[in-house]
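Listing of upload-v8.cif; format and content: mmCIF, C-alpha atoms.
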data_start
loop_
_atom_site.label_atom_id
_atom_site.label_comp_id
_atom_site.auth_asym_id
_atom_site.auth_seq_id
_atom_site.Cartn_x
_atom_site.Cartn_y
_atom_site.Cartn_z
CA MET A 23 0.00 0.00 0.00
CA ILE A 24 1.41 3.38 -0.91
CA LYS A 25 1.45 6.25 1.53
CA SER A 26 -1.13 8.99 1.17
CA LYS A 27 1.47 11.55 -0.01
CA ASP A 28 2.56 9.15 -2.73
CA LEU A 29 -1.08 8.51 -3.53
CA VAL A 30 -1.66 12.23 -4.11
CA GLU A 31 1.38 12.33 -6.38
CA THR A 32 0.13 9.29 -8.30
CA LEU A 33 -3.30 10.85 -8.65
CA LYS A 34 -1.85 14.17 -9.82
CA GLU A 35 -0.26 12.39 -12.78
CA HIS A 36 -3.52 10.80 -13.88
CA GLU A 37 -5.27 12.37 -16.86
CA PHE A 38 -8.63 12.28 -15.07
CA VAL A 39 -7.61 15.12 -12.75
CA ALA A 40 -5.89 17.29 -15.38
CA GLY A 41 -6.91 20.88 -14.64
CA PHE A 42 -8.35 20.08 -11.18
CA LYS A 43 -7.65 22.44 -8.30
CA PRO A 44 -5.10 21.00 -5.83
CA GLU A 45 -7.75 20.80 -3.08
CA TYR A 46 -9.98 18.74 -5.36
CA ILE A 47 -7.12 16.34 -6.00
CA ASP A 48 -6.50 16.09 -2.25
CA ARG A 49 -10.19 15.38 -1.69
CA LEU A 50 -10.23 12.65 -4.33
CA ALA A 51 -7.04 11.19 -2.86
CA SER A 52 -8.63 11.06 0.59
CA MET A 53 -11.26 8.66 -0.72
CA ALA A 54 -8.92 6.60 -2.94
CA HIS A 55 -6.85 3.54 -2.23
CA GLU A 56 -4.43 1.63 -4.36
CA VAL A 57 -5.40 -1.76 -5.73
CA HIS A 58 -3.61 -4.42 -7.76
CA PHE A 59 -4.96 -7.09 -10.06
CA ASP A 60 -3.06 -10.06 -11.43
CA ARG A 61 -3.02 -10.96 -15.09
CA ASP A 62 -6.37 -12.59 -16.04
CA GLN A 63 -8.00 -11.62 -12.76
CA ILE A 64 -11.63 -10.49 -13.13
CA VAL A 65 -11.96 -6.93 -11.80
CA PHE A 66 -15.76 -7.09 -11.94
CA ARG A 67 -18.37 -9.13 -13.74
CA GLU A 68 -21.28 -8.05 -15.89
CA GLY A 69 -24.23 -7.24 -13.59
CA ASP A 70 -22.04 -6.79 -10.49
CA ASP A 71 -23.05 -4.02 -8.11
CA SER A 72 -19.40 -3.12 -7.58
CA SER A 73 -19.29 0.39 -6.23
CA PHE A 74 -15.72 1.13 -7.30
CA PHE A 75 -14.57 3.50 -9.97
CA TYR A 76 -10.94 2.95 -10.98
CA LEU A 77 -8.22 5.20 -12.37
CA LEU A 78 -5.72 2.94 -14.12
CA VAL A 79 -2.10 3.72 -13.23
CA SER A 80 -0.40 0.88 -15.10
CA GLY A 81 -1.36 -2.24 -17.02
CA LYS A 82 -4.22 -3.13 -19.34
CA VAL A 83 -7.82 -4.15 -18.71
CA ALA A 84 -10.24 -5.62 -21.26
CA LEU A 85 -13.96 -4.94 -21.24
CA GLU A 86 -15.78 -8.08 -22.27
CA VAL A 87 -19.33 -9.17 -22.95
CA THR A 88 -20.68 -12.69 -23.16
CA ALA A 89 -22.81 -13.29 -26.21
CA LEU A 90 -23.94 -16.52 -27.89
CA GLY A 91 -21.87 -18.54 -25.48
CA ARG A 92 -18.60 -16.80 -26.18
CA VAL A 93 -16.72 -13.88 -24.74
CA LEU A 94 -16.19 -10.83 -26.95
CA ARG A 95 -13.63 -8.18 -26.13
CA VAL A 96 -15.13 -4.78 -26.91
CA GLN A 97 -12.54 -2.39 -25.56
CA THR A 98 -9.16 -2.30 -23.91
CA LEU A 99 -8.28 0.29 -21.29
CA ARG A 100 -4.81 1.09 -20.10
CA GLU A 101 -2.77 3.44 -17.91
CA GLY A 102 -4.22 6.93 -17.81
CA GLU A 103 -7.78 5.71 -18.46
CA GLU A 104 -10.84 5.20 -16.28
CA LEU A 105 -12.62 1.95 -15.52
CA GLY A 106 -16.11 1.44 -14.08
CA TRP A 107 -17.34 4.99 -14.51
CA SER A 108 -20.95 3.94 -13.96
CA SER A 109 -20.13 3.44 -10.25
CA ALA A 110 -19.77 7.20 -9.99
CA LEU A 111 -23.41 7.61 -11.03
CA PRO A 112 -26.43 6.72 -8.91
CA ALA A 113 -28.49 3.56 -9.63
CA SER A 114 -26.53 2.40 -12.65
CA GLY A 115 -28.11 -1.05 -12.58
CA GLY A 116 -24.89 -2.98 -12.19
CA LYS A 117 -21.87 -3.29 -14.44
CA HIS A 118 -22.63 -3.50 -18.14
CA PHE A 119 -19.44 -5.34 -19.03
CA GLN A 120 -17.00 -7.72 -17.47
CA ALA A 121 -13.53 -6.30 -16.79
CA ARG A 122 -10.51 -8.57 -16.95
CA ALA A 123 -6.89 -7.63 -16.26
CA LEU A 124 -4.84 -8.47 -19.36
CA THR A 125 -1.60 -7.73 -17.55
CA ALA A 126 -0.68 -6.99 -13.97
CA VAL A 127 -2.69 -3.86 -13.17
CA ARG A 128 -2.16 -1.07 -10.67
CA ALA A 129 -5.05 1.32 -10.11
CA LEU A 130 -6.54 3.82 -7.73
CA ALA A 131 -9.99 2.76 -6.54
CA LEU A 132 -12.60 5.34 -5.55
CA ASP A 133 -15.79 4.35 -3.81
CA GLY A 134 -18.67 5.55 -5.96
CA ALA A 135 -21.04 6.26 -3.07
CA ARG A 136 -18.47 8.36 -1.24
CA LEU A 137 -17.61 10.21 -4.43
CA ARG A 138 -21.28 11.03 -5.05
CA GLU A 139 -21.68 12.26 -1.47
CA ALA A 140 -18.67 14.53 -1.87
CA CYS A 141 -20.11 15.87 -5.11
CA GLU A 142 -23.44 16.63 -3.39
CA GLU A 143 -21.71 18.37 -0.47
CA ASP A 144 -19.66 20.67 -2.69
CA HIS A 145 -21.24 21.36 -6.03
CA SER A 146 -18.13 23.09 -7.41
CA PHE A 147 -16.15 19.94 -6.73
CA GLY A 148 -19.08 17.89 -8.05
CA TYR A 149 -19.19 19.93 -11.25
CA ALA A 150 -15.45 19.41 -11.85
CA VAL A 151 -15.82 15.65 -11.33
CA MET A 152 -18.98 15.29 -13.39
CA ARG A 153 -17.62 17.44 -16.22
CA ARG A 154 -14.58 15.23 -16.45
CA LEU A 155 -16.72 12.11 -16.17
CA LEU A 156 -18.91 13.36 -19.00
CA GLN A 157 -15.82 13.80 -21.18
CA VAL A 158 -14.88 10.20 -20.47
CA VAL A 159 -18.37 8.92 -21.27
CA ALA A 160 -18.67 11.08 -24.40
CA GLY A 161 -15.31 9.78 -25.64
CA ARG A 162 -16.43 6.19 -25.09
CA LEU A 163 -19.73 6.85 -26.84
CA GLN A 164 -18.05 8.35 -29.91
CA ALA A 165 -15.56 5.49 -30.05
CA PHE A 166 -18.32 2.88 -29.83
CA ARG A 167 -20.31 4.60 -32.56
CA LEU A 168 -17.30 4.52 -34.85
CA GLN A 169 -16.70 0.89 -33.90
CA LEU A 170 -20.30 0.03 -34.82
CA LEU A 171 -19.79 1.49 -38.29
CA ASP A 172 -17.37 -1.38 -38.96
CA VAL A 173 -15.36 0.82 -41.31
CA TYR A 174 -12.93 -1.93 -42.34
CA ALA A 175 -15.66 -4.36 -43.46
CA PRO A 176 -15.09 -5.70 -47.01
CA GLU A 177 -18.43 -4.29 -48.11
CA GLY A 178 -17.63 -0.89 -46.59
CA PRO A 179 -19.02 0.86 -43.52
CA LYS A 180 -22.48 -0.07 -42.28
CA SER A 181 -25.14 2.56 -42.77
CA ALA A 182 -25.97 4.46 -39.63
CA MET B 8 1.32 16.10 -73.53
CA SER B 9 2.12 14.83 -77.01
CA ALA B 10 0.06 12.06 -78.59
CA ALA B 11 3.10 9.73 -78.48
CA ALA B 12 3.70 10.41 -74.79
CA ALA B 13 -0.01 9.86 -74.06
CA VAL B 14 0.05 6.51 -75.84
CA ASP B 15 3.22 5.54 -73.97
CA ILE B 16 1.67 6.37 -70.62
CA MET B 17 -1.43 4.35 -71.42
CA ALA B 18 0.46 1.26 -72.59
CA PRO B 19 1.16 -1.28 -69.85
CA MET B 20 4.60 -2.76 -69.51
CA GLU B 21 4.99 -6.39 -68.61
CA ALA B 22 6.07 -7.55 -65.18
CA ARG B 23 6.42 -11.13 -64.05
CA VAL B 24 5.01 -12.45 -60.80
CA ILE B 25 7.90 -13.71 -58.67
CA GLY B 26 6.00 -14.32 -55.47
CA VAL B 27 2.60 -14.17 -53.79
CA GLU B 28 2.55 -13.87 -49.99
CA LYS B 29 -0.59 -14.39 -47.96
CA GLU B 30 -1.10 -11.58 -45.45
CA THR B 31 -4.64 -12.36 -44.21
CA HIS B 32 -7.59 -14.48 -45.34
CA ASP B 33 -8.41 -11.98 -48.12
CA THR B 34 -5.23 -9.95 -48.60
CA PHE B 35 -2.07 -10.94 -50.44
CA THR B 36 1.19 -9.26 -51.34
CA LEU B 37 2.32 -9.61 -54.94
CA LEU B 38 6.00 -9.40 -55.83
CA LEU B 39 6.63 -8.43 -59.46
CA GLN B 40 9.78 -8.12 -61.49
CA PRO B 41 9.69 -5.81 -64.52
CA GLU B 42 10.59 -7.60 -67.75
CA ASP B 43 12.64 -4.68 -69.05
CA GLY B 44 14.74 -3.75 -66.04
CA SER B 45 14.09 -1.31 -63.26
CA LYS B 46 12.33 1.58 -65.01
CA LEU B 47 8.94 0.66 -63.55
CA SER B 48 10.16 0.14 -60.02
CA ARG B 49 11.44 3.65 -59.25
CA PHE B 50 8.73 5.20 -57.18
CA ALA B 51 8.17 7.60 -54.33
CA PRO B 52 6.35 6.39 -51.18
CA GLY B 53 2.62 6.98 -51.56
CA GLN B 54 2.44 6.52 -55.34
CA PHE B 55 0.36 3.89 -57.08
CA SER B 56 0.46 1.80 -60.26
CA MET B 57 -2.22 0.57 -62.60
CA LEU B 58 -2.10 -3.23 -62.63
CA TYR B 59 -3.65 -4.98 -65.61
CA VAL B 60 -4.71 -8.59 -65.42
CA PHE B 61 -4.90 -9.42 -69.09
CA GLY B 62 -8.43 -10.28 -70.14
CA VAL B 63 -9.91 -9.26 -66.79
CA GLY B 64 -9.30 -5.59 -66.10
CA GLU B 65 -7.05 -2.83 -64.81
CA LEU B 66 -6.87 -1.58 -61.22
CA PRO B 67 -5.13 1.21 -59.30
CA ILE B 68 -3.03 -0.38 -56.56
CA SER B 69 -0.75 1.44 -54.11
CA ILE B 70 2.88 0.39 -54.07
CA SER B 71 3.66 -1.19 -50.71
CA GLY B 72 7.30 -2.20 -51.11
CA ASN B 73 10.62 -0.74 -50.13
CA PRO B 74 11.60 2.17 -52.40
CA GLU B 75 15.26 1.16 -52.07
CA GLU B 76 14.62 -2.24 -53.65
CA ARG B 77 14.84 -1.30 -57.30
CA ASP B 78 14.62 -4.80 -58.73
CA ARG B 79 11.01 -5.45 -57.82
CA LEU B 80 7.56 -4.00 -57.39
CA VAL B 81 5.47 -4.92 -54.38
CA TYR B 82 1.70 -4.52 -54.05
CA THR B 83 -0.62 -5.56 -51.24
CA VAL B 84 -4.05 -6.35 -52.61
CA ARG B 85 -7.30 -7.11 -50.84
CA SER B 86 -9.70 -9.32 -52.74
CA VAL B 87 -12.96 -7.44 -53.00
CA GLY B 88 -14.11 -8.21 -56.55
CA LYS B 89 -13.42 -10.03 -59.79
CA ALA B 90 -10.32 -8.07 -60.80
CA THR B 91 -8.67 -8.05 -57.38
CA HIS B 92 -9.41 -11.77 -57.03
CA ALA B 93 -7.75 -12.32 -60.40
CA LEU B 94 -4.71 -10.36 -59.19
CA ILE B 95 -4.17 -12.28 -55.98
CA THR B 96 -4.61 -15.64 -57.67
CA ARG B 97 -1.74 -15.05 -60.10
CA ALA B 98 1.00 -17.63 -59.85
CA PRO B 99 4.76 -17.14 -60.01
CA GLY B 100 5.75 -16.83 -63.64
CA ASP B 101 2.50 -15.15 -64.74
CA LEU B 102 2.70 -11.80 -66.52
CA ILE B 103 0.84 -8.69 -65.38
CA GLY B 104 0.59 -5.35 -67.16
CA VAL B 105 1.86 -2.40 -65.16
CA ARG B 106 1.52 1.33 -65.77
CA GLY B 107 3.02 3.96 -63.55
CA PRO B 108 4.07 4.86 -60.98
CA PHE B 109 1.50 7.64 -60.75
CA GLY B 110 0.41 10.39 -58.42
CA THR B 111 1.77 12.46 -55.58
CA SER B 112 3.81 11.06 -52.70
CA TRP B 113 4.12 11.50 -48.94
CA PRO B 114 6.06 14.71 -48.17
CA LEU B 115 9.09 12.97 -46.70
CA ALA B 116 11.74 15.26 -48.17
CA ASP B 117 10.00 18.30 -46.69
CA SER B 118 9.61 16.58 -43.31
CA ARG B 119 13.27 16.04 -42.45
CA GLY B 120 13.96 16.87 -38.84
CA ARG B 121 10.32 16.43 -37.89
CA ASP B 122 8.38 13.69 -36.11
CA ILE B 123 6.57 11.42 -38.53
CA PHE B 124 3.18 10.42 -37.19
CA ILE B 125 1.45 7.71 -39.19
CA VAL B 126 -2.16 6.62 -38.75
CA ALA B 127 -3.29 3.66 -40.83
CA GLY B 128 -6.53 1.75 -40.98
CA GLY B 129 -6.97 -1.68 -42.55
CA ILE B 130 -5.41 -2.01 -46.00
CA GLY B 131 -4.43 1.67 -45.64
CA LEU B 132 -1.18 0.53 -44.10
CA ALA B 133 -0.03 -0.67 -47.54
CA PRO B 134 0.65 2.77 -49.13
CA LEU B 135 2.22 3.93 -45.86
CA ARG B 136 4.69 1.06 -45.61
CA PRO B 137 7.10 2.59 -48.18
CA ALA B 138 7.15 5.76 -46.05
CA ILE B 139 8.01 3.68 -42.97
CA TYR B 140 10.78 1.92 -44.89
CA HIS B 141 12.13 5.31 -45.96
CA VAL B 142 12.12 6.81 -42.47
CA LEU B 143 13.77 3.73 -40.97
CA ARG B 144 16.40 3.71 -43.72
CA HIS B 145 17.16 7.41 -43.08
CA ARG B 146 16.49 7.25 -39.33
CA GLY B 147 18.84 10.09 -38.44
CA ASP B 148 17.04 12.51 -40.75
CA TYR B 149 13.80 12.38 -38.80
CA GLY B 150 12.55 12.79 -35.24
CA ARG B 151 10.26 10.22 -33.66
CA LEU B 152 8.36 7.74 -35.80
CA ILE B 153 4.95 6.91 -34.35
CA VAL B 154 2.61 4.49 -36.08
CA LEU B 155 -0.99 3.96 -34.99
CA TYR B 156 -2.58 1.06 -36.82
CA GLY B 157 -6.17 -0.09 -36.59
CA ALA B 158 -7.73 -3.15 -38.20
CA ARG B 159 -11.03 -4.97 -38.00
CA SER B 160 -9.73 -7.97 -36.06
CA PRO B 161 -6.38 -9.55 -35.14
CA GLN B 162 -6.76 -11.81 -38.19
CA ASP B 163 -6.92 -8.73 -40.42
CA LEU B 164 -3.63 -7.18 -39.34
CA LEU B 165 -1.07 -6.73 -42.11
CA TYR B 166 2.71 -7.12 -41.81
CA ARG B 167 2.51 -8.33 -38.19
CA LYS B 168 6.11 -9.52 -37.94
CA GLN B 169 7.45 -6.29 -39.39
CA LEU B 170 5.32 -4.17 -37.06
CA ALA B 171 6.61 -6.13 -34.08
CA ALA B 172 10.22 -5.71 -35.23
CA TRP B 173 9.87 -1.97 -35.93
CA ASN B 174 8.77 -1.39 -32.35
CA PHE B 175 12.34 -2.15 -31.26
CA VAL B 176 13.88 0.56 -33.45
CA PRO B 177 15.01 3.56 -31.34
CA ASP B 178 12.58 6.50 -31.23
CA THR B 179 9.95 4.37 -32.92
CA GLN B 180 6.59 3.57 -31.39
CA ILE B 181 4.08 1.22 -32.99
CA LEU B 182 0.61 1.02 -31.43
CA ILE B 183 -1.92 -1.45 -32.78
CA THR B 184 -5.61 -1.84 -32.08
CA VAL B 185 -8.46 -3.87 -33.49
CA ASP B 186 -12.18 -3.14 -33.53
CA TYR B 187 -13.11 -6.67 -32.42
CA GLY B 188 -10.88 -9.01 -30.48
CA GLY B 189 -11.33 -12.54 -29.25
CA LEU B 190 -10.08 -14.00 -26.00
CA SER B 191 -6.71 -14.94 -27.47
CA TRP B 192 -5.96 -11.31 -28.44
CA ARG B 193 -4.18 -9.53 -25.61
CA GLY B 194 -3.56 -6.31 -27.48
CA SER B 195 -5.75 -3.23 -27.67
CA VAL B 196 -9.41 -3.31 -28.68
CA GLY B 197 -11.06 -0.10 -29.80
CA VAL B 198 -11.03 2.24 -32.78
CA VAL B 199 -7.73 3.74 -33.84
CA THR B 200 -8.57 7.17 -32.44
CA THR B 201 -8.61 5.68 -28.90
CA LEU B 202 -4.83 5.27 -29.21
CA PHE B 203 -4.31 9.03 -29.32
CA ARG B 204 -4.54 9.19 -25.53
CA HIS B 205 -1.42 7.09 -25.25
CA ILE B 206 0.98 9.07 -27.38
CA ARG B 207 2.65 12.40 -26.81
CA LEU B 208 2.41 14.68 -29.83
CA GLU B 209 4.53 17.74 -30.39
CA PRO B 210 2.26 19.45 -32.91
CA GLU B 211 4.70 22.08 -34.15
CA ARG B 212 7.18 19.43 -35.25
CA THR B 213 4.76 16.75 -36.41
CA THR B 214 3.98 15.68 -39.96
CA ALA B 215 0.98 13.35 -40.00
CA LEU B 216 0.47 10.78 -42.77
CA VAL B 217 -2.95 9.15 -42.78
CA CYS B 218 -4.53 6.42 -44.89
CA GLY B 219 -7.60 4.31 -44.30
CA PRO B 220 -11.35 4.34 -44.80
CA GLU B 221 -12.51 7.90 -45.33
CA ILE B 222 -14.71 7.93 -42.21
CA MET B 223 -11.74 6.85 -40.13
CA MET B 224 -9.58 9.58 -41.68
CA ARG B 225 -12.19 12.23 -40.82
CA TYR B 226 -12.07 11.29 -37.14
CA VAL B 227 -8.28 11.04 -37.18
CA VAL B 228 -8.05 14.52 -38.70
CA ARG B 229 -10.35 15.83 -35.97
CA GLU B 230 -8.07 14.38 -33.27
CA LEU B 231 -4.97 15.80 -34.93
CA LEU B 232 -6.48 19.28 -35.23
CA LEU B 233 -7.64 19.11 -31.59
CA ARG B 234 -4.05 18.38 -30.59
CA GLY B 235 -2.77 21.37 -32.52
CA VAL B 236 -1.37 19.79 -35.69
CA SER B 237 -1.98 22.24 -38.53
CA ALA B 238 -4.07 21.33 -41.58
CA GLU B 239 -0.97 21.87 -43.76
CA ASP B 240 0.93 19.22 -41.81
CA ILE B 241 -1.77 16.56 -42.13
CA HIS B 242 -1.54 14.51 -45.33
CA LEU B 243 -4.16 12.05 -46.47
CA SER B 244 -4.13 9.42 -49.19
CA MET B 245 -7.47 9.46 -50.96
CA GLU B 246 -9.16 6.71 -52.88
CA ARG B 247 -11.48 7.27 -55.82
CA ASN B 248 -12.43 5.36 -58.95
CA MET B 249 -9.18 5.86 -60.85
CA LYS B 250 -9.22 4.67 -64.46
CA CYS B 251 -6.75 6.47 -66.72
CA ALA B 252 -4.39 7.51 -63.88
CA VAL B 253 -3.28 10.66 -65.69
CA GLY B 254 -6.21 13.06 -65.34
CA PHE B 255 -7.81 12.46 -68.76
CA CYS B 256 -10.98 10.56 -67.96
CA GLY B 257 -12.34 12.40 -64.93
CA HIS B 258 -13.57 9.29 -63.11
CA CYS B 259 -11.65 10.17 -59.95
CA GLN B 260 -12.65 13.81 -59.72
CA LEU B 261 -12.92 15.20 -56.19
CA GLY B 262 -14.05 18.80 -56.29
CA PRO B 263 -11.48 20.61 -58.43
CA TYR B 264 -8.94 17.76 -58.22
CA PHE B 265 -8.27 14.54 -60.03
CA VAL B 266 -7.18 12.10 -57.35
CA CYS B 267 -4.97 10.17 -59.79
CA LYS B 268 -2.96 13.21 -60.86
CA ASP B 269 -3.31 15.79 -58.08
CA GLY B 270 -3.30 13.02 -55.44
CA PRO B 271 -3.63 10.44 -54.10
CA VAL B 272 -1.70 12.21 -51.32
CA PHE B 273 -3.11 15.63 -50.42
CA PRO B 274 -2.54 18.02 -47.53
CA TYR B 275 -5.75 18.27 -45.54
CA SER B 276 -5.72 22.04 -46.04
CA ARG B 277 -6.56 21.40 -49.72
CA LEU B 278 -9.11 18.66 -49.10
CA LYS B 279 -11.03 20.28 -46.26
CA PRO B 280 -13.81 21.86 -48.35
CA TRP B 281 -14.41 18.62 -50.24
CA MET B 282 -14.15 15.79 -47.73
CA ASP B 283 -17.52 16.06 -46.02
CA ARG B 284 -19.61 16.82 -49.07
CA TYR B 285 -22.32 14.45 -50.21
CA GLU B 286 -22.07 12.98 -53.70
CA LEU B 287 -18.32 13.61 -54.01
#

Please re-express this file's structure in structure tokens.
Amino acid sequence: MIKSKDLVETLKEHEFVAGFKPEYIDRLASMAHEVHFDRDQIVFREGDDSSFFYLLVSGKVALEVTALGRVLRVQTLREGEELGWSSALPASGGKHFQARALTAVRALALDGARLREACEEDHSFGYAVMRRLLQVVAGRLQAFRLQLLDVYAPEGPKSA
Amino acid sequence: MSAAAAVDIMAPMEARVIGVEKETHDTFTLLLQPEDGSKLSRFAPGQFSMLYVFGVGELPISISGNPEERDRLVYTVRSVGKATHALITRAPGDLIGVRGPFGTSWPLADSRGRDIFIVAGGIGLAPLRPAIYHVLRHRGDYGRLIVLYGARSPQDLLYRKQLAAWNFVPDTQILITVDYGGLSWRGSVGVVTTLFRHIRLEPERTTALVCGPEIMMRYVVRELLLRGVSAEDIHLSMERNMKCAVGFCGHCQLGPYFVCKDGPVFPYSRLKPWMDRYEL
């Protein structure tokens, strides 16, 4: 386990907090702890009510979905990215994908419920967090839309 | 252009197939040797040839080989129709008609001292491979070489062994992603633009070379502009229905340009008004 000062330094280097005020970073750090996952370890399963939202510090994680009896990998996340963002939102209905560590993974885990409370208590802090979270979600949405177009298909992109 | 020169440019020269290498389930690399020496095989990275399968048809195909290898012509061809199928099913010893090379090239001479940032999608890596060969051959003339490559699936990746080897060259970074990956694939899954988060661009000293499906290139351009790369420093290889290859027939017109003659490589600053238009 890293010390809290080191944890703040680790958090400061993460893209999620780029542009955050130092006190916001300290507040996030106060509710974060470091976690490790081994290669092939399941971080969470589809439908899990896991309340953690992760900031990946090193390693790679695959998002997977089970369909027609097989596992499909739909996205890979790596250092500098965010995992489990739905935990930061209320009543998300469980995880939509399974997350599996593809390599040894180091991450900072934030409890979603605590994060939401902190956002409610201080709306300026909450706005900074939610604005950043929205950027993450918007980026994922755009990427998935492009993925759905299947632009490399032999017959050309699918019509929208 | 004189009538004699026009006839000369329209007459294919013979080249013999000396090898056919399977890249993926539908993509093959053809190795050709010109029958009359090396005249055909002098090309600049980014240019294309017209390949004629006698009795079947003629196709524009980007040159994907090493520009330093003057004794052969190399083309990577994806089978998508009758003529491309005929091309990839040629056997060693068969003759193919070749015209060219044609078109504009990647601006490598003007990019000395700069970082070369390559984004390729699918078969779009083929016309970029000569540029990679060039930069690696003249490594000291350029800054960092960064290649982002996206494909549909791990089975659709081209030149896998080469890509793996290039990653070990100093100041060279190769990042690969696929849109759909199975359990055995431990690399990245996601569209090629998702890789931008993992590279550090220095926009003032970056020349970007991009080739892939046009939709992909639009989103790549957007990411590059967001990161401060200027429209003049972004170069795209365009694909249109090229027939004559010399700007006579007009089949490949894109706004005021003929892609065969004015392209296929264009700076984005010239293409911008024409890329998003319907019916072009």

**Asked** Applied to the shown file, which residues does the PyMOL selection byres ((chain A) within 6 of (chain B)) return, written as a list of chain:residue names?
**Response** A:Leu94, A:Arg95, A:Gln97, A:Thr98, A:Gln169, A:Tyr174

**Message:** as an MDAnalysis selection string, please: the residues near Ala140 in chain A (cut-off 12 Å, only C-alpha atoms, same-chain neighbours under 6 positions excluded).
**Reply:** chainID A and resid 46 49:50 52:53 110 132:134 146:152

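This file gives the following result for the PyMOL selection byres ((chain B and resi 213) around 9): Ser118, Arg121, Asp122, Ile123, Phe124, Gly150, Arg151, Leu208, Glu209, Pro210, Glu211, Arg212, Thr214, Ala215, Val236, Ser237, Asp240 and Ile241 of chain B.
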
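Residues matched by the PyMOL selection byres ((chain B and resi 62) around 12) in this file: Tyr59, Val60, Phe61, Val63, Gly64, Glu65, Lys89, Ala90, Ala93, Leu94, Leu102, Ile103 and Gly104 of chain B.
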
Taking C-alpha atoms for each residue, export the selection above as a JSON list (two decimals), keeping the file's coordinate frame.
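Written output follows (selection.json):
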[["chain", "number", "residue", "atom", "x", "y", "z"],
["B", 59, "TYR", "CA", -3.65, -4.98, -65.61],
["B", 60, "VAL", "CA", -4.71, -8.59, -65.42],
["B", 61, "PHE", "CA", -4.90, -9.42, -69.09],
["B", 63, "VAL", "CA", -9.91, -9.26, -66.79],
["B", 64, "GLY", "CA", -9.30, -5.59, -66.10],
["B", 65, "GLU", "CA", -7.05, -2.83, -64.81],
["B", 89, "LYS", "CA", -13.42, -10.03, -59.79],
["B", 90, "ALA", "CA", -10.32, -8.07, -60.80],
["B", 93, "ALA", "CA", -7.75, -12.32, -60.40],
["B", 94, "LEU", "CA", -4.71, -10.36, -59.19],
["B", 102, "LEU", "CA", 2.70, -11.80, -66.52],
["B", 103, "ILE", "CA", 0.84, -8.69, -65.38],
["B", 104, "GLY", "CA", 0.59, -5.35, -67.16]]

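Proximity to Arg247 in chain B was assessed for B:Pro19, B:Gly120, B:Pro99, B:Pro67 counting only C-alpha atoms; the smallest distance is recorded for B:Pro67.
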
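Going from CA of Arg207 in chain B to CA of His58 in chain A covers 26.2 Å.
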
**Request:** Find the residues around Ile47 in chain A up to 7 Å (only C-alpha atoms counted), leave out those fewer than 5 positions away in its own chain, and share them as a PyMOL selection string.
**Result:** chain A and resi 34+39+42

**Prompt:** When you draw a straight line from CA of Leu135 in chain B to CA of Cys259 in chain B, how long is it in Å?
**Reply:** 20.7 Å

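When all atoms listed in the file are used to compute distances to Gly72 in chain B, the closest of the residues B:Arg234, B:Arg106, B:Arg119, B:Arg49 turns out to be B:Arg49.
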
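One distance worth recording is that between CA of Arg153 in chain A and CA of Ala84 in chain A, which is 24.7 Å.
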
**Message:** My list of candidates is B:Gly100, B:Pro280, B:Pro41, B:Pro134. Which is closest to Ser71 in chain B when distances are computed with all atoms listed in the file?
**Reply:** B:Pro134

**Distance query Ser109 in chain A at most 9 Å, only C-alpha atoms, self and fewer than 2 positions along chain excluded, as a ChimeraX atom specification** = /A:71-75,106-107,111-114,116-117,133-135

Find the smallest box with edges along x, y and z containing every listed atom of range 220-226 of chain B, then add 6 Å on each side and report centre and edge lengths in Å to one decimal, as AutoDock Vina command-line options.
--center_x -12.1 --center_y 8.3 --center_z -41.2 --size_x 17.1 --size_y 19.9 --size_z 20.2

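Closest approach to Val173 in chain A among B:Met224, B:Val105, B:Ile125, B:Leu38: B:Met224, based on all atoms listed in the file.
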
**Complete:** Of A:Ala51, A:Ala131, A:Ala40, A:Ala121, the one sitting nearest Glu68 in chain A when using all atoms listed in the file is A:Ala121

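Here the question is which of A:Arg138, A:His145, A:Leu77, A:Arg100 gets nearest to Glu35 in chain A using only C-alpha atoms, and that residue is A:Leu77.
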
Rebuild range 95-101 of chain A to N, CA and C atoms - output it as a short mmCIF file (atom, residue, chain, number, x, y, z; two decimals), in the coordinates of the input, please.
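What ended up in result.cif:
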data_model
loop_
_atom_site.label_atom_id
_atom_site.label_comp_id
_atom_site.auth_asym_id
_atom_site.auth_seq_id
_atom_site.Cartn_x
_atom_site.Cartn_y
_atom_site.Cartn_z
N ARG A 95 -14.34 -9.31 -26.71
CA ARG A 95 -13.63 -8.18 -26.13
C ARG A 95 -14.04 -6.92 -26.89
N VAL A 96 -14.61 -5.96 -26.21
CA VAL A 96 -15.13 -4.78 -26.91
C VAL A 96 -14.24 -3.56 -26.75
N GLN A 97 -13.44 -3.53 -25.73
CA GLN A 97 -12.54 -2.39 -25.56
C GLN A 97 -11.41 -2.75 -24.61
N THR A 98 -10.29 -2.13 -24.82
CA THR A 98 -9.16 -2.30 -23.91
C THR A 98 -8.85 -0.95 -23.29
N LEU A 99 -8.65 -0.95 -22.00
CA LEU A 99 -8.28 0.29 -21.29
C LEU A 99 -6.89 0.11 -20.72
N ARG A 100 -6.17 1.19 -20.61
CA ARG A 100 -4.81 1.09 -20.10
C ARG A 100 -4.46 2.30 -19.24
N GLU A 101 -3.21 2.37 -18.82
CA GLU A 101 -2.77 3.44 -17.91
C GLU A 101 -3.26 4.80 -18.40
#
